[in-house]
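With PDB, C-alpha atoms and all ligand atoms inside, this is work-v2.pdb:
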```pdb
ATOM      1  CA  MET A  70       0.000   0.000   0.000
ATOM      2  CA  PHE A  71       2.882   2.405   0.769
ATOM      3  CA  ASN A  72       5.785   2.652  -1.669
ATOM      4  CA  ASN A  73       8.192   5.225  -0.258
ATOM      5  CA  ILE A  74       8.525   5.044   3.501
ATOM      6  CA  VAL A  75      10.781   6.929   5.923
ATOM      7  CA  ILE A  76      11.388   5.466   9.386
ATOM      8  CA  THR A  77      13.501   7.161  12.056
ATOM      9  CA  GLY A  78      15.112   5.120  14.817
ATOM     10  CA  ALA A  79      15.266   2.161  12.437
ATOM     11  CA  SER A  80      18.531   0.904  13.942
ATOM     12  CA  SER A  81      16.926  -0.681  17.008
ATOM     13  CA  GLY A  82      13.829  -2.057  18.700
ATOM     14  CA  LEU A  83      10.457  -0.974  17.340
ATOM     15  CA  GLY A  84      11.911   1.023  14.406
ATOM     16  CA  ALA A  85      13.894  -1.992  13.206
ATOM     17  CA  ALA A  86      10.778  -4.177  13.556
ATOM     18  CA  LEU A  87       8.739  -1.624  11.576
ATOM     19  CA  ALA A  88      11.374  -1.571   8.822
ATOM     20  CA  ARG A  89      11.272  -5.372   8.620
ATOM     21  CA  SER A  90       7.470  -5.421   8.550
ATOM     22  CA  PHE A  91       7.180  -2.896   5.697
ATOM     23  CA  ALA A  92      10.057  -4.409   3.656
ATOM     24  CA  ALA A  93       8.739  -5.877   0.399
ATOM     25  CA  PRO A  94       9.465  -5.765  -3.342
ATOM     26  CA  GLY A  95       8.568  -2.374  -4.839
ATOM     27  CA  VAL A  96       9.032  -0.555  -1.527
ATOM     28  CA  VAL A  97      11.773   2.036  -0.959
ATOM     29  CA  LEU A  98      12.681   2.415   2.700
ATOM     30  CA  GLY A  99      14.482   5.508   3.983
ATOM     31  CA  LEU A 100      16.025   4.285   7.217
ATOM     32  CA  LEU A 101      17.516   6.714   9.735
ATOM     33  CA  GLY A 102      19.517   6.070  12.884
ATOM     34  CA  ARG A 103      22.787   6.956  14.548
ATOM     35  CA  ASN A 104      24.376   3.543  14.959
ATOM     36  CA  SER A 105      25.740   2.638  11.519
ATOM     37  CA  GLU A 106      26.461  -1.003  12.333
ATOM     38  CA  ARG A 107      22.937  -1.795  13.554
ATOM     39  CA  LEU A 108      21.252   0.303  10.863
ATOM     40  CA  THR A 109      23.276  -1.442   8.126
ATOM     41  CA  GLU A 110      22.206  -4.799   9.522
ATOM     42  CA  VAL A 111      18.512  -3.801   9.454
ATOM     43  CA  SER A 112      18.932  -2.425   5.942
ATOM     44  CA  GLY A 113      20.534  -5.712   4.816
ATOM     45  CA  PHE A 114      17.572  -7.689   6.139
ATOM     46  CA  CYS A 115      15.085  -5.395   4.378
ATOM     47  CA  LYS A 116      16.977  -5.817   1.087
ATOM     48  CA  GLN A 117      16.762  -9.570   1.474
ATOM     49  CA  MET A 118      12.995  -9.114   1.746
ATOM     50  CA  GLY A 119      13.051  -7.370  -1.647
ATOM     51  CA  ALA A 120      12.891  -3.708  -0.566
ATOM     52  CA  ALA A 121      15.290  -1.017  -1.773
ATOM     53  CA  THR A 122      16.848   0.916   1.097
ATOM     54  CA  LYS A 123      18.515   4.284   1.575
ATOM     55  CA  THR A 124      20.193   4.751   4.929
ATOM     56  CA  ALA A 125      21.134   7.927   6.770
ATOM     57  CA  PHE A 126      23.318   7.867   9.845
ATOM     58  CA  LEU A 127      22.261  11.045  11.548
ATOM     59  CA  ASP A 128      21.050  12.572  14.754
ATOM     60  CA  ILE A 129      17.533  13.993  14.425
ATOM     61  CA  ARG A 130      18.617  16.946  16.582
ATOM     62  CA  HIS A 131      20.691  18.116  13.602
ATOM     63  CA  ARG A 132      17.713  19.679  11.939
ATOM     64  CA  GLU A 133      19.392  21.107   8.819
ATOM     65  CA  GLN A 134      21.090  17.811   8.012
ATOM     66  CA  LEU A 135      17.808  15.988   8.619
ATOM     67  CA  ASN A 136      15.845  18.419   6.440
ATOM     68  CA  ASP A 137      18.380  18.138   3.581
ATOM     69  CA  TRP A 138      18.302  14.340   3.656
ATOM     70  CA  LEU A 139      14.476  14.197   3.745
ATOM     71  CA  VAL A 140      14.110  16.689   0.903
ATOM     72  CA  SER A 141      16.597  14.877  -1.304
ATOM     73  CA  PHE A 142      14.963  11.497  -0.509
ATOM     74  CA  ASP A 143      11.546  12.965  -1.342
ATOM     75  CA  ASP A 144      12.879  14.414  -4.643
ATOM     76  CA  LYS A 145      13.664  10.874  -5.800
ATOM     77  CA  TYR A 146      11.043   8.910  -3.896
ATOM     78  CA  PRO A 147       7.980  11.011  -3.008
ATOM     79  CA  ILE A 148       7.314   9.996   0.588
ATOM     80  CA  ASP A 149       3.885   8.474   1.148
ATOM     81  CA  LEU A 150       4.496   7.371   4.742
ATOM     82  CA  VAL A 151       6.766   8.838   7.397
ATOM     83  CA  ILE A 152       7.072   7.057  10.726
ATOM     84  CA  ALA A 153       8.591   9.323  13.381
ATOM     85  CA  ASN A 154       9.775   6.675  15.772
ATOM     86  CA  ALA A 155      13.168   7.736  17.168
ATOM     87  CA  GLY A 156      13.039   8.401  20.876
ATOM     88  CA  ILE A 157      14.847   8.121  24.182
ATOM     89  CA  ILE A 158      13.868   7.603  27.797
ATOM     90  CA  ALA A 159      15.565   8.560  31.046
ATOM     91  CA  ALA A 160      14.452   7.962  34.627
ATOM     92  CA  VAL A 161      14.780  10.265  37.580
ATOM     93  CA  PRO A 162      18.168   9.291  39.067
ATOM     94  CA  LYS A 163      17.989   7.383  42.345
ATOM     95  CA  ASN A 164      18.021   9.603  45.456
ATOM     96  CA  GLN A 165      17.164  12.708  43.425
ATOM     97  CA  PRO A 166      13.775  14.405  43.475
ATOM     98  CA  ASP A 167      13.772  15.414  39.812
ATOM     99  CA  GLN A 168      15.533  14.965  36.482
ATOM    100  CA  PRO A 169      18.610  17.046  35.669
ATOM    101  CA  MET A 170      17.700  19.861  33.269
ATOM    102  CA  SER A 171      20.082  18.438  30.633
ATOM    103  CA  SER A 172      18.100  15.186  30.637
ATOM    104  CA  VAL A 173      14.759  17.007  30.350
ATOM    105  CA  LEU A 174      16.074  19.024  27.393
ATOM    106  CA  ASP A 175      17.550  15.933  25.687
ATOM    107  CA  GLN A 176      14.249  14.067  25.902
ATOM    108  CA  PHE A 177      12.271  17.015  24.546
ATOM    109  CA  GLU A 178      14.807  17.669  21.786
ATOM    110  CA  ILE A 179      14.581  14.090  20.531
ATOM    111  CA  ASN A 180      11.067  12.940  21.486
ATOM    112  CA  PHE A 181       9.261  16.180  20.679
ATOM    113  CA  THR A 182      11.134  18.721  18.534
ATOM    114  CA  GLY A 183      13.078  15.910  16.820
ATOM    115  CA  VAL A 184       9.792  14.403  15.678
ATOM    116  CA  ILE A 185       8.478  17.725  14.415
ATOM    117  CA  ALA A 186      11.774  18.283  12.564
ATOM    118  CA  THR A 187      11.311  14.868  10.929
ATOM    119  CA  VAL A 188       7.678  15.280   9.965
ATOM    120  CA  ASN A 189       7.708  18.936   8.947
ATOM    121  CA  PRO A 190       9.712  18.642   5.678
ATOM    122  CA  ALA A 191       7.705  15.571   4.640
ATOM    123  CA  LEU A 192       4.402  17.268   5.477
ATOM    124  CA  LEU A 193       5.259  20.265   3.296
ATOM    125  CA  ARG A 194       5.813  17.981   0.316
ATOM    126  CA  MET A 195       2.731  15.857   1.106
ATOM    127  CA  ARG A 196       0.590  19.002   1.287
ATOM    128  CA  GLY A 197       1.730  19.924  -2.198
ATOM    129  CA  ARG A 198       0.743  16.489  -3.481
ATOM    130  CA  LYS A 199      -2.482  16.390  -1.403
ATOM    131  CA  MET A 200      -1.697  12.915  -0.139
ATOM    132  CA  GLY A 201       0.373  11.138   2.468
ATOM    133  CA  THR A 202       0.395   9.450   5.860
ATOM    134  CA  VAL A 203       2.258  10.350   9.030
ATOM    135  CA  ALA A 204       2.664   7.957  11.957
ATOM    136  CA  ILE A 205       3.817   9.456  15.234
ATOM    137  CA  ILE A 206       5.217   7.053  17.799
ATOM    138  CA  SER A 207       4.049   8.512  21.095
ATOM    139  CA  SER A 208       3.387   6.279  24.105
ATOM    140  CA  MET A 209       0.766   5.111  26.588
ATOM    141  CA  ALA A 210       2.630   7.510  28.911
ATOM    142  CA  ALA A 211       0.952  10.302  26.917
ATOM    143  CA  PHE A 212      -2.309   9.491  28.742
ATOM    144  CA  ARG A 213      -0.897   9.600  32.291
ATOM    145  CA  GLY A 214       2.446  10.700  33.709
ATOM    146  CA  ILE A 215       4.465   7.603  34.653
ATOM    147  CA  PRO A 216       6.320   7.721  37.978
ATOM    148  CA  LEU A 217      10.109   8.100  37.548
ATOM    149  CA  PHE A 218       9.700   9.234  33.925
ATOM    150  CA  PRO A 219       8.370  12.806  34.065
ATOM    151  CA  ALA A 220      10.164  14.269  31.036
ATOM    152  CA  TYR A 221       9.492  11.192  28.922
ATOM    153  CA  SER A 222       5.768  11.232  29.819
ATOM    154  CA  ALA A 223       5.532  14.984  29.200
ATOM    155  CA  SER A 224       7.366  14.792  25.855
ATOM    156  CA  LYS A 225       5.051  12.019  24.639
ATOM    157  CA  ALA A 226       1.933  13.863  25.860
ATOM    158  CA  ALA A 227       3.138  17.004  24.064
ATOM    159  CA  LEU A 228       3.621  14.981  20.891
ATOM    160  CA  LYS A 229       0.137  13.486  21.089
ATOM    161  CA  SER A 230      -1.415  16.876  21.700
ATOM    162  CA  TYR A 231       0.586  18.567  18.918
ATOM    163  CA  TYR A 232      -0.451  16.091  16.238
ATOM    164  CA  GLU A 233      -4.065  15.916  17.460
ATOM    165  CA  ALA A 234      -4.141  19.652  16.857
ATOM    166  CA  LEU A 235      -2.634  19.267  13.366
ATOM    167  CA  ARG A 236      -4.785  16.313  12.329
ATOM    168  CA  PRO A 237      -7.871  18.210  11.057
ATOM    169  CA  THR A 238      -5.873  20.638   8.902
ATOM    170  CA  CYS A 239      -3.857  17.763   7.505
ATOM    171  CA  ALA A 240      -7.046  15.814   6.813
ATOM    172  CA  ALA A 241      -8.263  18.762   4.739
ATOM    173  CA  ASP A 242      -5.174  18.172   2.553
ATOM    174  CA  ASN A 243      -5.871  14.424   2.365
ATOM    175  CA  ILE A 244      -3.025  13.625   4.775
ATOM    176  CA  ASP A 245      -3.685  11.044   7.484
ATOM    177  CA  ILE A 246      -2.098  11.394  10.891
ATOM    178  CA  CYS A 247      -1.911   8.300  13.052
ATOM    179  CA  ILE A 248      -0.834   8.787  16.661
ATOM    180  CA  VAL A 249       0.562   5.550  18.059
ATOM    181  CA  CYS A 250       0.513   5.034  21.827
ATOM    182  CA  PRO A 251       1.970   1.649  22.691
ATOM    183  CA  SER A 252       2.445   0.325  26.188
ATOM    184  CA  TYR A 253       5.613  -1.626  27.024
ATOM    185  CA  ILE A 254       7.412  -3.243  24.092
ATOM    186  CA  ASP A 255      10.322  -5.626  24.432
ATOM    187  CA  THR A 256      13.153  -3.460  23.053
ATOM    188  CA  PRO A 257      16.579  -2.249  24.232
ATOM    189  CA  MET A 258      14.852   0.882  25.570
ATOM    190  CA  ASN A 259      13.185  -1.247  28.206
ATOM    191  CA  ASN A 260      16.527  -2.606  29.416
ATOM    192  CA  LYS A 261      17.119   0.923  30.657
ATOM    193  CA  ASN A 262      14.024   1.075  32.833
ATOM    194  CA  ASN A 263      12.642  -1.333  35.346
ATOM    195  CA  SER A 264       9.334  -2.296  33.733
ATOM    196  CA  SER A 265       8.220  -5.865  34.329
ATOM    197  CA  SER A 266       8.972  -8.186  31.407
ATOM    198  CA  LEU A 267       5.457  -9.635  31.893
ATOM    199  CA  LEU A 268       3.978  -6.351  30.662
ATOM    200  CA  ARG A 269       6.037  -6.212  27.457
ATOM    201  CA  MET A 270       4.854  -6.976  23.926
ATOM    202  CA  ASP A 271       7.152  -8.481  21.299
ATOM    203  CA  ALA A 272       8.473  -5.731  18.961
ATOM    204  CA  ASP A 273       7.508  -7.608  15.776
ATOM    205  CA  LYS A 274       3.932  -8.003  17.062
ATOM    206  CA  ALA A 275       3.791  -4.282  17.890
ATOM    207  CA  ALA A 276       5.087  -3.472  14.388
ATOM    208  CA  ARG A 277       2.368  -5.647  12.812
ATOM    209  CA  ILE A 278      -0.332  -3.851  14.838
ATOM    210  CA  ILE A 279       1.056  -0.464  13.781
ATOM    211  CA  LYS A 280       1.357  -1.454  10.101
ATOM    212  CA  SER A 281      -2.230  -2.695  10.031
ATOM    213  CA  GLY A 282      -3.535   0.399  11.885
ATOM    214  CA  VAL A 283      -1.689   2.814   9.604
ATOM    215  CA  GLU A 284      -2.960   1.004   6.509
ATOM    216  CA  LYS A 285      -6.508   1.307   7.890
ATOM    217  CA  LYS A 286      -5.914   5.048   8.435
ATOM    218  CA  LYS A 287      -6.625   4.854  12.179
ATOM    219  CA  PRO A 288      -6.202   8.287  13.800
ATOM    220  CA  LEU A 289      -5.183   6.792  17.165
ATOM    221  CA  LEU A 290      -3.636   3.433  17.954
ATOM    222  CA  ALA A 291      -3.310   2.734  21.673
ATOM    223  CA  PHE A 292      -2.414  -0.845  22.545
ATOM    224  CA  PRO A 293      -2.713  -3.307  24.102
ATOM    225  CA  TYR A 294      -6.313  -2.425  24.842
ATOM    226  CA  THR A 295      -6.111  -3.874  28.375
ATOM    227  CA  HIS A 296      -3.383  -1.352  29.269
ATOM    228  CA  LEU A 297      -5.404   1.515  27.798
ATOM    229  CA  LEU A 298      -8.394   0.378  29.830
ATOM    230  CA  GLY A 299      -6.168   0.225  32.916
ATOM    231  CA  ILE A 300      -4.964   3.797  32.369
ATOM    232  CA  ARG A 301      -8.554   4.992  31.816
ATOM    233  CA  LEU A 302      -9.749   3.202  34.971
ATOM    234  CA  LEU A 303      -6.883   4.742  36.948
ATOM    235  CA  SER A 304      -8.255   8.174  36.142
ATOM    236  CA  LEU A 305     -11.481   7.219  37.945
ATOM    237  CA  LEU A 306      -9.631   6.368  41.168
ATOM    238  CA  PRO A 307      -8.561   8.844  43.850
ATOM    239  CA  VAL A 308      -5.399  10.495  42.505
ATOM    240  CA  LYS A 309      -3.103   9.300  45.311
ATOM    241  CA  LEU A 310      -4.268   5.709  44.874
ATOM    242  CA  GLY A 311      -3.571   5.956  41.128
ATOM    243  CA  ASP A 312      -0.079   7.299  41.874
ATOM    244  CA  TRP A 313       0.589   4.444  44.286
ATOM    245  CA  ILE A 314      -0.573   1.737  41.854
ATOM    246  CA  LEU A 315       1.571   3.126  39.020
ATOM    247  CA  TYR A 316       4.580   3.493  41.321
ATOM    248  CA  LYS A 317       4.250  -0.142  42.386
ATOM    249  CA  THR A 318       3.760  -1.277  38.758
ATOM    250  CA  MET A 319       7.067   0.378  37.871
ATOM    251  CA  GLY A 320       8.688  -2.056  40.282
ATOM    252  CA  SER A 321       9.872   0.544  42.783
TER     253      SER A 321
HETATM  254  N1  LIG B 401       9.860   0.189  24.238
HETATM  255  C1  LIG B 401       8.720   0.609  24.745
HETATM  256  O1  LIG B 401       8.191   0.043  25.706
HETATM  257  C2  LIG B 401       8.009   1.774  24.136
HETATM  258  C3  LIG B 401       6.682   2.040  24.527
HETATM  259  C4  LIG B 401       6.002   3.120  23.983
HETATM  260  C5  LIG B 401       6.631   3.917  23.039
HETATM  261  N2  LIG B 401       7.915   3.639  22.672
HETATM  262  C6  LIG B 401       8.531   4.511  21.688
HETATM  263  O2  LIG B 401       8.930   3.754  20.576
HETATM  264  C7  LIG B 401      10.023   4.415  19.940
HETATM  265  C8  LIG B 401      11.125   3.413  19.677
HETATM  266  O3  LIG B 401      11.649   2.989  20.931
HETATM  267  P1  LIG B 401      12.326   1.566  21.157
HETATM  268  O4  LIG B 401      11.639   0.956  22.299
HETATM  269  O5  LIG B 401      12.452   0.841  19.884
HETATM  270  O6  LIG B 401      13.757   2.051  21.702
HETATM  271  P2  LIG B 401      15.246   1.718  21.230
HETATM  272  O7  LIG B 401      15.402   0.282  20.956
HETATM  273  O8  LIG B 401      16.122   2.361  22.258
HETATM  274  O9  LIG B 401      15.363   2.509  19.852
HETATM  275  C9  LIG B 401      15.372   3.906  19.811
HETATM  276  C10 LIG B 401      15.723   4.330  18.403
HETATM  277  O10 LIG B 401      15.722   5.759  18.352
HETATM  278  C11 LIG B 401      16.934   6.197  17.753
HETATM  279  N3  LIG B 401      17.347   7.480  18.286
HETATM  280  C12 LIG B 401      17.379   7.880  19.569
HETATM  281  N4  LIG B 401      17.846   9.123  19.652
HETATM  282  C13 LIG B 401      18.114   9.524  18.381
HETATM  283  C14 LIG B 401      18.621  10.714  17.811
HETATM  284  N5  LIG B 401      18.958  11.758  18.562
HETATM  285  N6  LIG B 401      18.757  10.762  16.468
HETATM  286  C15 LIG B 401      18.441   9.719  15.689
HETATM  287  N7  LIG B 401      17.949   8.565  16.165
HETATM  288  C16 LIG B 401      17.803   8.472  17.500
HETATM  289  C17 LIG B 401      17.953   5.126  18.126
HETATM  290  O11 LIG B 401      19.021   5.200  17.217
HETATM  291  P3  LIG B 401      20.516   4.679  17.576
HETATM  292  O12 LIG B 401      20.342   3.434  18.393
HETATM  293  O13 LIG B 401      21.104   4.425  16.233
HETATM  294  O14 LIG B 401      21.151   5.769  18.337
HETATM  295  C18 LIG B 401      17.119   3.871  17.980
HETATM  296  O15 LIG B 401      17.075   3.455  16.651
HETATM  297  C19 LIG B 401      10.436   5.555  20.872
HETATM  298  O16 LIG B 401       9.890   6.764  20.413
HETATM  299  C20 LIG B 401       9.801   5.170  22.179
HETATM  300  O17 LIG B 401       9.558   6.273  23.004
HETATM  301  C21 LIG B 401       8.609   2.582  23.183
END
```
Target format structure tokens, applied to this file:
Amino acid sequence: MFNNIVITGASSGLGAALARSFAAPGVVLGLLGRNSERLTEVSGFCKQMGAATKTAFLDIRHREQLNDWLVSFDDKYPIDLVIANAGIIAAVPKNQPDQPMSSVLDQFEINFTGVIATVNPALLRMRGRKMGTVAIISSMAAFRGIPLFPAYSASKAALKSYYEALRPTCAADNIDICIVCPSYIDTPMNNKNNSSSLLRMDADKAARIIKSGVEKKKPLLAFPYTHLLGIRLLSLLPVKLGDWILYKTMGS
């Protein structure tokens, strides 16, 4: 269904799984990441599946470099799907009440402004063509701040809100925006936090859910449904009880 697809954060975890799931003959994948070794490996797999790949080893905080690469990719392969997936997470350090400002800024620069810097150049071109699809990888943490991860939760909530606000104007230009809010996925990111492995979904399964949802033009994909229900039910509880349950769920 999509021919020319850009995926950021394709060198690891969910992004790599998404690249593998979209790889097929006739598809051109623009794969971005910082780690050249891992990104080359993902690209090699996608080629074996019959896709053509173009890789870019760059940091999405380098906005000019990112813009130039996206524009030149789009010149040759008009982008019909961009998946803004790259992201980082950092916990509040032990024995500290809050995150260091440098960590807050890093998470916002990658998870929020980095996503906008990725999507913006593609959106401009899509608007001209009056067609295209944008998938934003937010998080279930966008619905409720997660204890120990304040900047991560806030950056993902900001992302969800930003693209909800853009969705109607984009729809008027025949551009679909799909905001993806997964719960825990089994990826290297989760080795850095202390989420229970019982809560985690396999990355390939998550990629299949996202691919199917994007193809069906779903405006919001929050999964698994049981976790979404849990978050919604939490909001009905007294606030302090909700805080306590989430804090315990995070294994602390
Ligand atoms: N895992 C979960 O439970 C979970 C749940 C909900 C949402 N998400 C979201 O899913 C997305 C993918 O996460 P993941 O779990 O797959 O984590 P991951 O395995 O750590 O992968 C993160 C990816 O983002 C890339 N990245 C990070 N900072 C970057 C930067 N400044 N410039 C360019 N690329 C950068 C990394 O590239 P390099 O490795 O090459 O540096 C890597 O490919 C993130 O947005 C995350 O917030 C994850």
Practice task
Would you list the contacts of Gly102 of chain A as a list in words, taking every protein, DNA or RNA residue within 10 Å and counting all atoms listed in the file, but skipping same-chain residues closer than 2 positions in sequence?
Solution key: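 Listing them by chain and then by number gives Ile76, Thr77, Gly78, Ala79, Ser80, Ser81, Gly84, Ala85, Leu100, Asn104, Ser105, Glu106, Arg107, Leu108, Thr109, Thr124, Ala125, Phe126, Leu127, Asp128, Ile129 and Ala155 of chain A.
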Exercise for the section: Give me the result of the PyMOL selection byres (((chain A and resi 237-240) around 12) and not hetatm) on this file, residue by residue, as an MDAnalysis selection string. Expected result: chainID A and resid 189 192:193 195:203 231:236 241:247 286 288
Please enclose the listed atoms of ligand LIG 401 (chain B) in an axis-aligned box, pad each side by 8 Å, and write out the centre and the three edge lengths in Å, rounded to one decimal, as AutoDock Vina command-line options.
```
--center_x 13.6 --center_y 5.9 --center_z 20.7 --size_x 31.1 --size_y 27.7 --size_z 26.0
```
Problem - Polymer residues at most 8 Å from Val97 of chain A, all atoms listed in the file, same-chain spacing of 6 or more positions, as a list in words - result: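 Contacts, with the query itself left out: Asn72, Asn73, Ile74, Ala120, Ala121, Thr122, Lys123 and Tyr146 of chain A.
Minimum distance to Asp312 of chain A across A:Gly214, A:Pro293, A:Pro190, A:Gly183 (counting only C-alpha atoms) occurs at A:Gly214.
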Problem - Residue among A:Pro94, A:Pro166, A:Gly119, A:Gly156 lying closest to ligand LIG 401 (chain B), counting only C-alpha atoms and all ligand atoms - result: A:Gly156
Handout entry: All residues 10 Å or closer to Ser90 of chain A, only C-alpha atoms, same chain fewer than 3 positions away omitted, as number ranges by chain
Key = A: 84-87, 93, 115, 118, 273-274, 276-277, 279-280
Exercise for the section: Output the residue selection produced by the PyMOL selection byres (((chain A and resi 270) around 10) and not hetatm) on the file above, formatted as a PyMOL selection string. Expected result: chain A and resi 251-256+266-269+271-275+292-293
Handout entry: Nearest-residue call for Thr187 of chain A, choices A:Ala88, A:Ile205, A:Val283, A:Leu290, using all atoms listed in the file
Key =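 Looking at the shortest contact to Thr187 of chain A, the residue is A:Ile205.
If you look at atom N3 of ligand LIG 401 (chain B) and atom CA of Arg103 of chain A, they are 6.6 Å away from each other.
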Problem - Computed interatomic separation between atom CA of Ile206 of chain A and atom C10 of ligand LIG 401 (chain B) (Å) - result: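 Computing it gives 10.9 Å between the two atoms.
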Handout entry: Residue with smallest distance to ligand LIG 401 (chain B) - pool A:Leu98, A:Leu174, A:Val140, A:Met258, counting only C-alpha atoms and all ligand atoms
Key =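 Checking each candidate against ligand LIG 401 (chain B), we get A:Met258 as the closest.
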Output check: residues returned by the PyMOL selection byres (((chain A and resi 222) around 12) and not hetatm), as a PDB file with C-alpha atoms, in the coordinates of the input:
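Output saved as result-v5.pdb:
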```pdb
ATOM      1  CA  GLY A 156      13.039   8.401  20.876  1.00  0.00           C
ATOM      2  CA  ILE A 157      14.847   8.121  24.182  1.00  0.00           C
ATOM      3  CA  ILE A 158      13.868   7.603  27.797  1.00  0.00           C
ATOM      4  CA  ALA A 159      15.565   8.560  31.046  1.00  0.00           C
ATOM      5  CA  ALA A 160      14.452   7.962  34.627  1.00  0.00           C
ATOM      6  CA  VAL A 161      14.780  10.265  37.580  1.00  0.00           C
ATOM      7  CA  VAL A 173      14.759  17.007  30.350  1.00  0.00           C
ATOM      8  CA  GLN A 176      14.249  14.067  25.902  1.00  0.00           C
ATOM      9  CA  PHE A 177      12.271  17.015  24.546  1.00  0.00           C
ATOM     10  CA  ASN A 180      11.067  12.940  21.486  1.00  0.00           C
ATOM     11  CA  PHE A 181       9.261  16.180  20.679  1.00  0.00           C
ATOM     12  CA  SER A 207       4.049   8.512  21.095  1.00  0.00           C
ATOM     13  CA  SER A 208       3.387   6.279  24.105  1.00  0.00           C
ATOM     14  CA  MET A 209       0.766   5.111  26.588  1.00  0.00           C
ATOM     15  CA  ALA A 210       2.630   7.510  28.911  1.00  0.00           C
ATOM     16  CA  ALA A 211       0.952  10.302  26.917  1.00  0.00           C
ATOM     17  CA  PHE A 212      -2.309   9.491  28.742  1.00  0.00           C
ATOM     18  CA  ARG A 213      -0.897   9.600  32.291  1.00  0.00           C
ATOM     19  CA  GLY A 214       2.446  10.700  33.709  1.00  0.00           C
ATOM     20  CA  ILE A 215       4.465   7.603  34.653  1.00  0.00           C
ATOM     21  CA  PRO A 216       6.320   7.721  37.978  1.00  0.00           C
ATOM     22  CA  LEU A 217      10.109   8.100  37.548  1.00  0.00           C
ATOM     23  CA  PHE A 218       9.700   9.234  33.925  1.00  0.00           C
ATOM     24  CA  PRO A 219       8.370  12.806  34.065  1.00  0.00           C
ATOM     25  CA  ALA A 220      10.164  14.269  31.036  1.00  0.00           C
ATOM     26  CA  TYR A 221       9.492  11.192  28.922  1.00  0.00           C
ATOM     27  CA  ALA A 223       5.532  14.984  29.200  1.00  0.00           C
ATOM     28  CA  SER A 224       7.366  14.792  25.855  1.00  0.00           C
ATOM     29  CA  LYS A 225       5.051  12.019  24.639  1.00  0.00           C
ATOM     30  CA  ALA A 226       1.933  13.863  25.860  1.00  0.00           C
ATOM     31  CA  ALA A 227       3.138  17.004  24.064  1.00  0.00           C
ATOM     32  CA  LEU A 228       3.621  14.981  20.891  1.00  0.00           C
ATOM     33  CA  LYS A 229       0.137  13.486  21.089  1.00  0.00           C
ATOM     34  CA  CYS A 250       0.513   5.034  21.827  1.00  0.00           C
ATOM     35  CA  SER A 252       2.445   0.325  26.188  1.00  0.00           C
TER      36      SER A 252
END
```
Handout entry: Interatomic distance (Å, one decimal) between atom O6 of ligand LIG 401 (chain B) and atom CA of Asn154 of chain A
Key = 8.5 Å
Problem - For ligand LIG 401 (chain B), the nearest of the candidates A:Val184, A:Gly282, A:Asn259, A:Gln165, counting all atoms listed in the file - result: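 Between A:Val184, A:Gly282, A:Asn259, A:Gln165, the residue approaching ligand LIG 401 (chain B) most closely is A:Asn259.
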Exercise for the section: Name the closest residue to ligand LIG 401 (chain B) among the candidates A:Ala291, A:Met70, A:Ala191, A:Ile278; distances are taken between atoms, counting all atoms listed in the file. Expected result: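 So, comparing all the options, the nearest one is A:Ala291.
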